[in-house]
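Student: File my_file_36.cif below, mmCIF, C-alpha atoms:
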```
data_target
loop_
_atom_site.group_PDB
_atom_site.id
_atom_site.type_symbol
_atom_site.label_atom_id
_atom_site.label_comp_id
_atom_site.auth_asym_id
_atom_site.auth_seq_id
_atom_site.Cartn_x
_atom_site.Cartn_y
_atom_site.Cartn_z
ATOM 1 C CA MET N 1 -1.666 27.399 6.963
ATOM 2 C CA ILE N 2 -2.729 23.764 6.652
ATOM 3 C CA VAL N 3 -2.014 22.326 3.193
ATOM 4 C CA LEU N 4 -3.213 19.085 1.641
ATOM 5 C CA HIS N 5 -0.789 18.042 -1.102
ATOM 6 C CA ALA N 6 -2.837 15.595 -3.130
ATOM 7 C CA ARG N 7 -5.330 15.303 -5.970
ATOM 8 C CA PRO N 8 -8.491 14.841 -3.927
ATOM 9 C CA SER N 9 -11.721 13.489 -5.346
ATOM 10 C CA PRO N 10 -14.901 15.495 -4.756
ATOM 11 C CA GLY N 11 -15.721 13.177 -1.870
ATOM 12 C CA PHE N 12 -12.255 13.683 -0.390
ATOM 13 C CA ARG N 13 -12.712 17.466 -0.557
ATOM 14 C CA GLU N 14 -16.102 17.203 1.124
ATOM 15 C CA ALA N 15 -14.606 15.087 3.922
ATOM 16 C CA VAL N 16 -11.797 17.612 4.455
ATOM 17 C CA ASP N 17 -14.283 20.487 4.700
ATOM 18 C CA ALA N 18 -16.608 18.504 6.968
ATOM 19 C CA ILE N 19 -13.861 17.622 9.437
ATOM 20 C CA PHE N 20 -11.669 20.750 9.343
ATOM 21 C CA GLY N 21 -14.247 23.354 8.333
ATOM 22 C CA ALA N 22 -14.786 24.811 4.868
ATOM 23 C CA GLY N 23 -11.791 26.762 3.634
ATOM 24 C CA THR N 24 -9.528 25.751 6.523
ATOM 25 C CA VAL N 25 -7.310 23.476 4.441
ATOM 26 C CA VAL N 26 -5.601 24.720 1.290
ATOM 27 C CA HIS N 27 -5.517 22.150 -1.525
ATOM 28 C CA VAL N 28 -2.413 21.938 -3.728
ATOM 29 C CA ASP N 29 -2.454 19.428 -6.564
ATOM 30 C CA GLU N 30 0.034 16.602 -6.051
ATOM 31 C CA ALA N 31 1.601 17.302 -9.452
ATOM 32 C CA ALA N 32 2.321 20.921 -8.499
ATOM 33 C CA PRO N 33 5.240 22.076 -6.333
ATOM 34 C CA LEU N 34 4.607 23.626 -2.957
ATOM 35 C CA ASP N 35 6.952 26.540 -3.610
ATOM 36 C CA ALA N 36 4.203 29.165 -3.747
ATOM 37 C CA VAL N 37 2.949 28.366 -0.248
ATOM 38 C CA ALA N 38 6.097 26.969 1.389
ATOM 39 C CA SER N 39 6.788 30.088 3.445
ATOM 40 C CA GLU N 40 3.315 29.960 5.047
ATOM 41 C CA ILE N 41 2.762 26.231 5.689
ATOM 42 C CA THR N 42 2.523 25.212 9.322
ATOM 43 C CA ALA N 43 1.056 21.736 8.798
ATOM 44 C CA LEU N 44 1.346 19.554 5.691
ATOM 45 C CA LEU N 45 -1.112 16.732 5.047
ATOM 46 C CA HIS N 46 1.057 14.359 3.049
ATOM 47 C CA VAL N 47 -0.131 11.514 0.842
ATOM 48 C CA LEU N 48 2.476 10.259 -1.660
ATOM 49 C CA THR N 49 4.380 13.131 -3.302
ATOM 50 C CA PRO N 50 7.856 13.059 -1.655
ATOM 51 C CA VAL N 51 8.560 15.599 1.066
ATOM 52 C CA THR N 52 12.173 16.505 0.363
ATOM 53 C CA ALA N 53 14.887 18.041 2.505
ATOM 54 C CA GLU N 54 14.847 21.011 0.131
ATOM 55 C CA PHE N 55 11.156 21.622 0.735
ATOM 56 C CA ILE N 56 11.561 21.368 4.501
ATOM 57 C CA ALA N 57 14.389 23.904 4.361
ATOM 58 C CA SER N 58 12.154 26.275 2.379
ATOM 59 C CA ALA N 59 9.300 26.130 4.883
ATOM 60 C CA PRO N 60 10.374 28.044 8.011
ATOM 61 C CA GLU N 61 6.915 27.924 9.646
ATOM 62 C CA LEU N 62 6.422 24.184 9.122
ATOM 63 C CA ARG N 63 5.766 22.378 12.403
ATOM 64 C CA LEU N 64 4.043 19.144 11.372
ATOM 65 C CA ILE N 65 4.156 16.711 8.467
ATOM 66 C CA GLN N 66 1.110 14.503 8.899
ATOM 67 C CA LYS N 67 1.164 11.368 6.782
ATOM 68 C CA LEU N 68 -2.307 10.273 5.707
ATOM 69 C CA GLY N 69 -1.380 6.634 5.979
ATOM 70 C CA VAL N 70 1.409 4.577 7.487
ATOM 71 C CA GLY N 71 4.558 4.530 5.362
ATOM 72 C CA VAL N 72 6.906 7.475 5.898
ATOM 73 C CA ASN N 73 9.559 6.422 3.381
ATOM 74 C CA THR N 74 8.522 9.362 1.168
ATOM 75 C CA ILE N 75 9.499 11.906 3.845
ATOM 76 C CA ALA N 76 13.032 13.201 4.471
ATOM 77 C CA LEU N 77 12.970 12.210 8.130
ATOM 78 C CA ASP N 78 16.506 13.319 8.998
ATOM 79 C CA ALA N 79 15.853 16.756 7.542
ATOM 80 C CA ALA N 80 12.601 17.014 9.485
ATOM 81 C CA ARG N 81 14.366 16.012 12.685
ATOM 82 C CA GLU N 82 17.112 18.578 12.170
ATOM 83 C CA ALA N 83 14.564 21.306 11.461
ATOM 84 C CA GLY N 84 12.474 20.427 14.502
ATOM 85 C CA VAL N 85 9.485 19.431 12.385
ATOM 86 C CA ALA N 86 7.273 16.701 13.812
ATOM 87 C CA VAL N 87 6.367 13.765 11.556
ATOM 88 C CA CYS N 88 3.344 11.628 12.398
ATOM 89 C CA ASN N 89 1.613 8.733 10.697
ATOM 90 C CA MET N 90 -1.611 6.914 11.482
ATOM 91 C CA PRO N 91 -1.268 3.141 11.791
ATOM 92 C CA GLY N 92 -4.511 1.250 11.524
ATOM 93 C CA THR N 93 -6.625 3.810 9.701
ATOM 94 C CA ASN N 94 -6.228 2.142 6.297
ATOM 95 C CA SER N 95 -5.790 -1.450 7.456
ATOM 96 C CA GLN N 96 -9.297 -2.611 6.599
ATOM 97 C CA ALA N 97 -9.085 -1.186 3.084
ATOM 98 C CA VAL N 98 -5.634 -2.667 2.445
ATOM 99 C CA ALA N 99 -6.672 -6.079 3.760
ATOM 100 C CA GLU N 100 -9.728 -6.111 1.493
ATOM 101 C CA MET N 101 -7.659 -4.991 -1.511
ATOM 102 C CA ALA N 102 -5.077 -7.716 -0.907
ATOM 103 C CA LEU N 103 -7.876 -10.287 -0.790
ATOM 104 C CA SER N 104 -9.443 -8.915 -3.969
ATOM 105 C CA LEU N 105 -6.092 -9.064 -5.794
ATOM 106 C CA MET N 106 -5.591 -12.684 -4.730
ATOM 107 C CA MET N 107 -9.022 -13.611 -6.029
ATOM 108 C CA ALA N 108 -8.632 -11.622 -9.239
ATOM 109 C CA VAL N 109 -5.366 -13.399 -10.071
ATOM 110 C CA LEU N 110 -6.605 -16.868 -9.149
ATOM 111 C CA ARG N 111 -9.925 -16.494 -10.969
ATOM 112 C CA ARG N 112 -8.336 -14.522 -13.854
ATOM 113 C CA THR N 113 -11.005 -11.872 -13.478
ATOM 114 C CA CYS N 114 -9.453 -9.318 -15.838
ATOM 115 C CA PHE N 115 -8.768 -11.940 -18.521
ATOM 116 C CA PHE N 116 -12.346 -13.183 -18.585
ATOM 117 C CA ASP N 117 -13.811 -9.710 -18.184
ATOM 118 C CA ALA N 118 -12.060 -8.584 -21.384
ATOM 119 C CA ARG N 119 -13.226 -11.624 -23.312
ATOM 120 C CA THR N 120 -16.781 -11.302 -22.075
ATOM 121 C CA ARG N 121 -16.896 -7.669 -23.184
ATOM 122 C CA ALA N 122 -15.572 -8.751 -26.589
ATOM 123 C CA GLY N 123 -18.342 -11.329 -26.942
ATOM 124 C CA GLU N 124 -15.933 -14.237 -26.543
ATOM 125 C CA GLY N 125 -16.980 -15.476 -23.103
ATOM 126 C CA TRP N 126 -18.004 -19.042 -23.949
ATOM 127 C CA ALA N 127 -15.872 -19.081 -27.103
ATOM 128 C CA ALA N 128 -12.596 -18.722 -25.220
ATOM 129 C CA ASP N 129 -10.152 -21.618 -25.388
ATOM 130 C CA PRO N 130 -11.411 -24.115 -22.740
ATOM 131 C CA SER N 131 -7.811 -24.684 -21.637
ATOM 132 C CA GLU N 132 -7.850 -21.154 -20.192
ATOM 133 C CA LEU N 133 -10.079 -22.489 -17.416
ATOM 134 C CA ASP N 134 -7.310 -24.837 -16.312
ATOM 135 C CA ALA N 135 -5.390 -21.790 -15.077
ATOM 136 C CA VAL N 136 -7.953 -20.667 -12.494
ATOM 137 C CA GLY N 137 -7.986 -21.725 -8.866
ATOM 138 C CA GLU N 138 -9.320 -21.224 -5.356
ATOM 139 C CA ILE N 139 -7.869 -19.851 -2.140
ATOM 140 C CA ALA N 140 -9.129 -22.892 -0.238
ATOM 141 C CA GLY N 141 -6.456 -25.535 0.185
ATOM 142 C CA ARG N 142 -3.605 -23.166 -0.588
ATOM 143 C CA THR N 143 -0.885 -21.943 1.764
ATOM 144 C CA VAL N 144 -0.895 -18.160 2.072
ATOM 145 C CA GLY N 145 2.271 -16.540 3.407
ATOM 146 C CA LEU N 146 1.874 -13.120 5.021
ATOM 147 C CA VAL N 147 5.124 -11.158 5.024
ATOM 148 C CA GLY N 148 4.711 -8.830 7.974
ATOM 149 C CA PHE N 149 1.920 -9.154 10.505
ATOM 150 C CA GLY N 150 0.722 -5.650 11.214
ATOM 151 C CA ASN N 151 -2.830 -4.342 11.215
ATOM 152 C CA SER N 152 -3.765 -5.226 7.632
ATOM 153 C CA ALA N 153 -2.349 -8.761 7.848
ATOM 154 C CA GLN N 154 -4.118 -9.273 11.180
ATOM 155 C CA ARG N 155 -7.436 -8.487 9.505
ATOM 156 C CA LEU N 156 -6.684 -10.574 6.439
ATOM 157 C CA ALA N 157 -5.471 -13.774 8.121
ATOM 158 C CA PRO N 158 -8.746 -14.929 9.733
ATOM 159 C CA VAL N 159 -10.664 -14.230 6.516
ATOM 160 C CA LEU N 160 -8.261 -16.374 4.517
ATOM 161 C CA ALA N 161 -8.426 -19.095 7.147
ATOM 162 C CA ALA N 162 -12.231 -19.012 6.998
ATOM 163 C CA LEU N 163 -11.997 -19.542 3.238
ATOM 164 C CA GLY N 164 -9.939 -22.673 3.827
ATOM 165 C CA ALA N 165 -6.362 -21.456 3.399
ATOM 166 C CA LYS N 166 -3.442 -22.466 5.569
ATOM 167 C CA ILE N 167 -1.821 -19.319 6.999
ATOM 168 C CA VAL N 168 1.887 -18.907 7.617
ATOM 169 C CA TYR N 169 3.586 -15.639 8.446
ATOM 170 C CA THR N 170 6.889 -13.958 9.054
ATOM 171 C CA ALA N 171 7.563 -10.880 11.140
ATOM 172 C CA ARG N 172 10.339 -9.270 13.156
ATOM 173 C CA SER N 173 9.607 -11.792 15.909
ATOM 174 C CA GLU N 174 7.334 -14.766 16.451
ATOM 175 C CA LYS N 175 3.950 -13.922 17.967
ATOM 176 C CA ALA N 176 1.356 -15.848 19.962
ATOM 177 C CA LEU N 177 -0.881 -16.631 16.994
ATOM 178 C CA PRO N 178 -2.860 -19.605 15.698
ATOM 179 C CA TYR N 179 -0.698 -19.511 12.556
ATOM 180 C CA GLN N 180 2.732 -20.949 11.831
ATOM 181 C CA TYR N 181 5.723 -18.627 11.987
ATOM 182 C CA LEU N 182 8.388 -19.174 9.320
ATOM 183 C CA PRO N 183 11.573 -17.310 8.449
ATOM 184 C CA LEU N 184 11.238 -15.421 5.177
ATOM 185 C CA ASP N 185 13.178 -17.876 3.012
ATOM 186 C CA ARG N 186 11.024 -20.834 4.109
ATOM 187 C CA LEU N 187 7.816 -18.836 3.756
ATOM 188 C CA LEU N 188 8.675 -17.893 0.176
ATOM 189 C CA ALA N 189 9.603 -21.464 -0.694
ATOM 190 C CA GLN N 190 6.441 -23.009 0.778
ATOM 191 C CA SER N 191 3.647 -20.517 0.064
ATOM 192 C CA ASP N 192 1.238 -20.781 -2.860
ATOM 193 C CA ILE N 193 0.326 -17.122 -2.350
ATOM 194 C CA VAL N 194 2.672 -14.516 -0.835
ATOM 195 C CA SER N 195 1.095 -11.258 0.349
ATOM 196 C CA LEU N 196 3.329 -8.370 1.422
ATOM 197 C CA HIS N 197 2.436 -6.278 4.472
ATOM 198 C CA MET N 198 5.730 -4.781 5.639
ATOM 199 C CA PRO N 199 7.131 -1.239 5.530
ATOM 200 C CA LEU N 200 9.873 -0.125 3.167
ATOM 201 C CA THR N 201 13.165 0.326 5.011
ATOM 202 C CA ASP N 202 16.825 -0.093 4.135
ATOM 203 C CA GLU N 203 16.548 -3.661 5.424
ATOM 204 C CA THR N 204 13.398 -4.593 3.502
ATOM 205 C CA ARG N 205 14.209 -2.934 0.175
ATOM 206 C CA GLY N 206 14.488 -5.689 -2.441
ATOM 207 C CA ALA N 207 13.911 -8.359 0.222
ATOM 208 C CA ILE N 208 11.513 -10.384 -1.942
ATOM 209 C CA ASP N 209 13.227 -12.455 -4.621
ATOM 210 C CA PRO N 210 10.521 -13.785 -6.963
ATOM 211 C CA PHE N 211 12.725 -16.733 -7.924
ATOM 212 C CA ALA N 212 12.956 -17.735 -4.255
ATOM 213 C CA MET N 213 9.196 -18.225 -4.310
ATOM 214 C CA LYS N 214 7.571 -21.574 -4.946
ATOM 215 C CA LYS N 215 7.107 -22.349 -8.633
ATOM 216 C CA GLY N 216 3.548 -21.547 -9.666
ATOM 217 C CA ALA N 217 2.958 -19.197 -6.723
ATOM 218 C CA VAL N 218 1.118 -15.868 -6.752
ATOM 219 C CA LEU N 219 2.607 -12.620 -5.413
ATOM 220 C CA VAL N 220 0.333 -9.909 -4.004
ATOM 221 C CA ASN N 221 1.869 -6.551 -3.146
ATOM 222 C CA SER N 222 -0.240 -3.834 -1.546
ATOM 223 C CA ALA N 223 2.650 -2.504 0.560
ATOM 224 C CA ARG N 224 5.540 -0.889 -1.369
ATOM 225 C CA GLY N 225 6.879 -1.640 -4.837
ATOM 226 C CA GLU N 226 10.526 -1.428 -3.843
ATOM 227 C CA LEU N 227 10.161 -4.473 -1.596
ATOM 228 C CA VAL N 228 10.457 -6.583 -4.756
ATOM 229 C CA ASP N 229 13.089 -6.698 -7.493
ATOM 230 C CA GLU N 230 10.753 -5.589 -10.285
ATOM 231 C CA ALA N 231 12.969 -6.765 -13.154
ATOM 232 C CA ALA N 232 13.205 -10.206 -11.569
ATOM 233 C CA LEU N 233 9.443 -10.198 -11.032
ATOM 234 C CA VAL N 234 8.858 -9.549 -14.740
ATOM 235 C CA ARG N 235 11.162 -12.448 -15.630
ATOM 236 C CA ALA N 236 9.490 -14.770 -13.120
ATOM 237 C CA LEU N 237 6.048 -13.937 -14.507
ATOM 238 C CA SER N 238 7.140 -14.119 -18.148
ATOM 239 C CA THR N 239 8.861 -17.486 -17.799
ATOM 240 C CA GLY N 240 6.033 -19.109 -15.856
ATOM 241 C CA HIS N 241 7.997 -19.424 -12.638
ATOM 242 C CA LEU N 242 5.175 -17.476 -11.007
ATOM 243 C CA ARG N 243 1.529 -18.140 -11.799
ATOM 244 C CA GLY N 244 0.621 -14.481 -11.505
ATOM 245 C CA ALA N 245 0.763 -11.306 -9.454
ATOM 246 C CA GLY N 246 -1.646 -8.731 -8.055
ATOM 247 C CA LEU N 247 0.132 -5.386 -7.704
ATOM 248 C CA ASP N 248 -1.074 -2.099 -6.253
ATOM 249 C CA VAL N 249 2.404 -0.585 -5.821
ATOM 250 C CA PHE N 250 5.484 -0.208 -8.012
ATOM 251 C CA GLY N 251 9.089 0.923 -7.927
ATOM 252 C CA GLU N 252 8.153 3.985 -9.998
ATOM 253 C CA GLU N 253 4.760 5.601 -9.540
ATOM 254 C CA PRO N 254 2.696 6.291 -11.501
ATOM 255 C CA LEU N 255 3.630 3.197 -13.514
ATOM 256 C CA PRO N 256 5.170 4.584 -16.725
ATOM 257 C CA ARG N 257 3.970 3.674 -20.191
ATOM 258 C CA GLY N 258 6.102 0.914 -21.623
ATOM 259 C CA ASN N 259 6.695 -0.818 -18.294
ATOM 260 C CA PRO N 260 6.768 -4.556 -19.119
ATOM 261 C CA LEU N 261 4.286 -5.334 -16.364
ATOM 262 C CA LEU N 262 1.617 -3.655 -18.481
ATOM 263 C CA GLY N 263 1.928 -6.311 -21.165
ATOM 264 C CA LEU N 264 1.693 -9.383 -18.953
ATOM 265 C CA PRO N 265 -1.688 -11.157 -19.035
ATOM 266 C CA ASN N 266 -1.106 -12.898 -15.696
ATOM 267 C CA VAL N 267 -0.853 -9.630 -13.728
ATOM 268 C CA VAL N 268 -3.653 -7.593 -12.140
ATOM 269 C CA LEU N 269 -2.688 -3.947 -11.645
ATOM 270 C CA ALA N 270 -4.017 -1.034 -9.571
ATOM 271 C CA PRO N 271 -2.571 2.497 -9.141
ATOM 272 C CA HIS N 272 -1.645 2.493 -5.424
ATOM 273 C CA ILE N 273 -5.233 2.787 -4.224
ATOM 274 C CA ALA N 274 -5.435 -0.118 -1.773
ATOM 275 C CA TRP N 275 -5.691 2.339 1.103
ATOM 276 C CA LEU N 276 -8.032 4.769 -0.626
ATOM 277 C CA THR N 277 -11.662 4.397 0.394
ATOM 278 C CA PRO N 278 -14.086 7.022 1.728
ATOM 279 C CA GLU N 279 -14.078 5.195 5.051
ATOM 280 C CA THR N 280 -10.281 5.340 5.269
ATOM 281 C CA LEU N 281 -10.277 9.048 4.439
ATOM 282 C CA VAL N 282 -12.695 9.881 7.243
ATOM 283 C CA ARG N 283 -10.640 7.891 9.752
ATOM 284 C CA SER N 284 -7.402 9.471 8.509
ATOM 285 C CA LEU N 285 -8.643 13.057 8.445
ATOM 286 C CA THR N 286 -10.071 12.642 11.948
ATOM 287 C CA VAL N 287 -6.610 11.682 13.240
ATOM 288 C CA ALA N 288 -5.007 14.546 11.301
ATOM 289 C CA HIS N 289 -7.480 17.043 12.717
ATOM 290 C CA GLU N 290 -6.806 15.837 16.258
ATOM 291 C CA ASN N 291 -3.047 16.094 15.768
ATOM 292 C CA ILE N 292 -3.312 19.645 14.482
ATOM 293 C CA ARG N 293 -5.453 20.515 17.499
ATOM 294 C CA ARG N 294 -2.800 18.964 19.737
ATOM 295 C CA LEU N 295 -0.062 20.846 17.907
ATOM 296 C CA GLU N 296 -1.784 24.156 18.539
ATOM 297 C CA ALA N 297 -2.483 23.228 22.172
ATOM 298 C CA GLY N 298 1.078 22.070 22.823
ATOM 299 C CA GLU N 299 -0.063 18.534 23.650
ATOM 300 C CA PRO N 300 1.729 15.262 22.719
ATOM 301 C CA LEU N 301 1.015 14.204 19.160
ATOM 302 C CA LEU N 302 -0.531 10.897 18.147
ATOM 303 C CA HIS N 303 1.699 8.332 16.385
ATOM 304 C CA ARG N 304 4.763 10.575 16.278
ATOM 305 C CA VAL N 305 7.610 9.152 14.193
ATOM 306 C CA VAL N 306 10.007 12.123 14.464
#
```
Using the file provided, produce a representation of the structure as structure tokens.
Tutor:
Amino acid sequence: MIVLHARPSPGFREAVDAIFGAGTVVHVDEAAPLDAVASEITALLHVLTPVTAEFIASAPELRLIQKLGVGVNTIALDAAREAGVAVCNMPGTNSQAVAEMALSLMMAVLRRTCFFDARTRAGEGWAADPSELDAVGEIAGRTVGLVGFGNSAQRLAPVLAALGAKIVYTARSEKALPYQYLPLDRLLAQSDIVSLHMPLTDETRGAIDPFAMKKGAVLVNSARGELVDEAALVRALSTGHLRGAGLDVFGEEPLPRGNPLLGLPNVVLAPHIAWLTPETLVRSLTVAHENIRRLEAGEPLLHRVV
């Protein structure tokens, strides 16, 4: 049994049926446990709901956990390894969507899109305090620091450069690029915009200190919420140390009611959908379908992590 554990849109369901065949994949809502089908699952199409060691132990037929995306921090990898369950991801399939979302968040923060949208809808567009316009800005002329230089950052960098930004980056090692490499501390201190594009690991968890960033800078996070100390981020945004933030990911998801980020006017928020476009889904499901074919044929799997 192939199971998709998610809350798919109608278009997502149509793509699944088109690629796998109608009725081939069983859909289980992401808010529901997999207990009822655990004993029959052979392949799990995983999106965001954590795949725990307990679930893996309860699924004796499970042979493949296929991440529809890149990050595998939501999967109990050691438990999968011990149980002989393959874990695969699919680097590159969502890179275009994530790069475009990161760019849109930068622009939304700098141009205060949500602020002016609300006032326009309220009939206050031209009546807004003129000083509010002093808080907008352009990407051109600013230094943009890319933390991590994987597929999404590689797509984003030349676009930002074409808009007139200076690009600096940090990564595990310096690369042969037309952009300046900086260690993380210098990148944070010098960048007007910091965009995160690195995976969540024990080493990267909490690696971004908002108060180590340049005063008046903008933080964009379309990677993982736990990369940033969220409490410190709220303080940095509330005190004016940071100009603003564009956030698609959070330490707790979905973002709970009452989270202080919800009350900050200099923050643009999205519910972890940077990767989620119809184009990404088709690319992702195509890889998943091929890996399940390979699994059944006994062939090497694509992008195997475990």
Student: If the PyMOL selection byres ((chain N and resi 295) around 12) were run on this exact file, what residues would it hold? Put them as a list in words.
Tutor: Ile2, Thr42, Ala43, Leu62, Arg63, Leu64, Ile65, Gln66, Val85, Ala86, Val87, Cys88, Ala288, His289, Glu290, Asn291, Ile292, Arg293, Arg294, Glu296, Ala297, Gly298, Glu299, Pro300, Leu301, Leu302 and Arg304 of chain N
Student: Expanded to explicit residues, what is the PyMOL selection byres ((chain N and resi 197-207) around 6) for this file, as a PDB file with C-alpha atoms, in the frame of the given file?
Tutor:
```pdb
ATOM      1  CA  VAL N 147       5.124 -11.158   5.024  1.00  0.00           C
ATOM      2  CA  GLY N 148       4.711  -8.830   7.974  1.00  0.00           C
ATOM      3  CA  LEU N 196       3.329  -8.370   1.422  1.00  0.00           C
ATOM      4  CA  ILE N 208      11.513 -10.384  -1.942  1.00  0.00           C
ATOM      5  CA  ALA N 223       2.650  -2.504   0.560  1.00  0.00           C
ATOM      6  CA  GLU N 226      10.526  -1.428  -3.843  1.00  0.00           C
ATOM      7  CA  LEU N 227      10.161  -4.473  -1.596  1.00  0.00           C
ATOM      8  CA  VAL N 228      10.457  -6.583  -4.756  1.00  0.00           C
ATOM      9  CA  ASP N 229      13.089  -6.698  -7.493  1.00  0.00           C
TER      10      ASP N 229
END
```
Student: Check the smallest atom-to-atom distance from each of N:His46, N:Arg172, N:Lys166, N:Arg243 to Ser191 (chain N) using only C-alpha atoms, then report the winner.
Tutor: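 Using only C-alpha atoms, the shortest distance to Ser191 (chain N) belongs to N:Lys166.
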Student: For Met106 (chain N), find every residue with an atom within 9 Å (counting only C-alpha atoms), except residues of its own chain fewer than 5 positions away, and show them as a PyMOL selection string.
Tutor: chain N and resi 101+111+139+193+195+218-220+245-246
Student: One decimal, Å: what's the distance from CA of Leu187 (chain N) over to CA of Ala140 (chain N), could you say?
Tutor: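 Computing it gives 17.9 Å between the two atoms.
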Student: Go ahead and compute the interatomic distance for CA of Val234 (chain N) and CA of Leu247 (chain N), in Å to one decimal.
Tutor: 12.0 Å
Student: Would you translate the PyMOL selection byres ((chain N and resi 97-100) around 8) into the concrete set of residues it matches in this file, as a list in words?
Tutor: Asn94, Ser95, Gln96, Met101, Ala102, Leu103, Ser104, Ser152, Ala153, Arg155, Leu156, Ser222, Ala274, Trp275, Leu276, Thr277 and Thr280 of chain N
Student: So the first atom is CA of Lys215 (chain N) and the second is CA of Tyr181 (chain N); what is the distance between them in Å, to one decimal place?
Tutor: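 Value for the CA of Lys215 (chain N)-CA of Tyr181 (chain N) distance: 21.0 Å.
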Student: From the set N:Pro158, N:Gly145, N:Gly216, N:Pro254, which residue has the shortest atom-to-atom contact distance to Asp185 (chain N), counting all atoms listed in the file?
Tutor: N:Gly145
Student: Take every atom of region 209-222 of chain N listed in the file, fit an axis-aligned box around them, add 4 Å per side, and give the centre and edge lengths in Å to one decimal as lines of an AutoDock Vina configuration file.
Tutor:
```
center_x = 6.5
center_y = -13.1
center_z = -5.6
size_x = 21.5
size_y = 26.5
size_z = 16.1
```
Student: Got a sec to check which residues sit within 6 Å of (5.5, -16.2, 3.9), counting all atoms listed in the file, and write them as a list in words?
Tutor: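 Protein, DNA and RNA residues close to (5.5, -16.2, 3.9): Gly145, Leu146, Val147, Val168, Tyr169, Thr170, Leu184, Leu187, Leu188 and Val194 of chain N.
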Student: Looking at N:Thr239, N:Gln190, N:Asn266, N:Asn89, which one is nearest to Leu68 (chain N), with distances taken over all atoms listed in the file?
Tutor: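 Closest to Leu68 (chain N) of all the choices is N:Asn89.
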Student: Once you count all atoms listed in the file, which residues end up no further than 12 Å from (14.2, 24.7, 5.0) in the file's frame, shown as a compact mmCIF listing (two decimals) with C-alpha atoms, in the frame of the given file?
Tutor:
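Just written: point.txt:
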```
# COMPACT_ATOMS: atom_id res chain seq x y z
CA ASP N 35 6.95 26.54 -3.61
CA ALA N 38 6.10 26.97 1.39
CA SER N 39 6.79 30.09 3.44
CA ILE N 41 2.76 26.23 5.69
CA VAL N 51 8.56 15.60 1.07
CA THR N 52 12.17 16.50 0.36
CA ALA N 53 14.89 18.04 2.50
CA GLU N 54 14.85 21.01 0.13
CA PHE N 55 11.16 21.62 0.74
CA ILE N 56 11.56 21.37 4.50
CA ALA N 57 14.39 23.90 4.36
CA SER N 58 12.15 26.28 2.38
CA ALA N 59 9.30 26.13 4.88
CA PRO N 60 10.37 28.04 8.01
CA GLU N 61 6.92 27.92 9.65
CA LEU N 62 6.42 24.18 9.12
CA ARG N 63 5.77 22.38 12.40
CA ALA N 76 13.03 13.20 4.47
CA ALA N 79 15.85 16.76 7.54
CA ALA N 80 12.60 17.01 9.48
CA ARG N 81 14.37 16.01 12.68
CA GLU N 82 17.11 18.58 12.17
CA ALA N 83 14.56 21.31 11.46
CA GLY N 84 12.47 20.43 14.50
CA VAL N 85 9.48 19.43 12.38
```
Student: Under the rule that only C-alpha atoms are counted, which of N:Ala189, N:Ala6, N:Ala232, N:Val16 is the nearest residue to Val28 (chain N)?
Tutor: N:Ala6
Student: Would you kindly return, as a PDB file with C-alpha atoms, in the frame of the given file, each protein, DNA or RNA residue with an atom no farther than 12 Å from any atom of Gly164 (chain N), considering only C-alpha atoms and excluding same-chain residues fewer than 5 positions away?
Tutor:
```pdb
ATOM      1  CA  GLU N 138      -9.320 -21.224  -5.356  1.00  0.00           C
ATOM      2  CA  ILE N 139      -7.869 -19.851  -2.140  1.00  0.00           C
ATOM      3  CA  ALA N 140      -9.129 -22.892  -0.238  1.00  0.00           C
ATOM      4  CA  GLY N 141      -6.456 -25.535   0.185  1.00  0.00           C
ATOM      5  CA  ARG N 142      -3.605 -23.166  -0.588  1.00  0.00           C
ATOM      6  CA  THR N 143      -0.885 -21.943   1.764  1.00  0.00           C
ATOM      7  CA  VAL N 144      -0.895 -18.160   2.072  1.00  0.00           C
ATOM      8  CA  ALA N 157      -5.471 -13.774   8.121  1.00  0.00           C
ATOM      9  CA  PRO N 158      -8.746 -14.929   9.733  1.00  0.00           C
ATOM     10  CA  VAL N 159     -10.664 -14.230   6.516  1.00  0.00           C
TER      11      VAL N 159
END
```
Student: Smallest atom-to-atom distance to Pro183 (chain N): which of N:Ala171, N:Leu281, N:Val72, N:Ala212, using only C-alpha atoms?
Tutor: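 Smallest distance to Pro183 (chain N) is found for N:Ala171.
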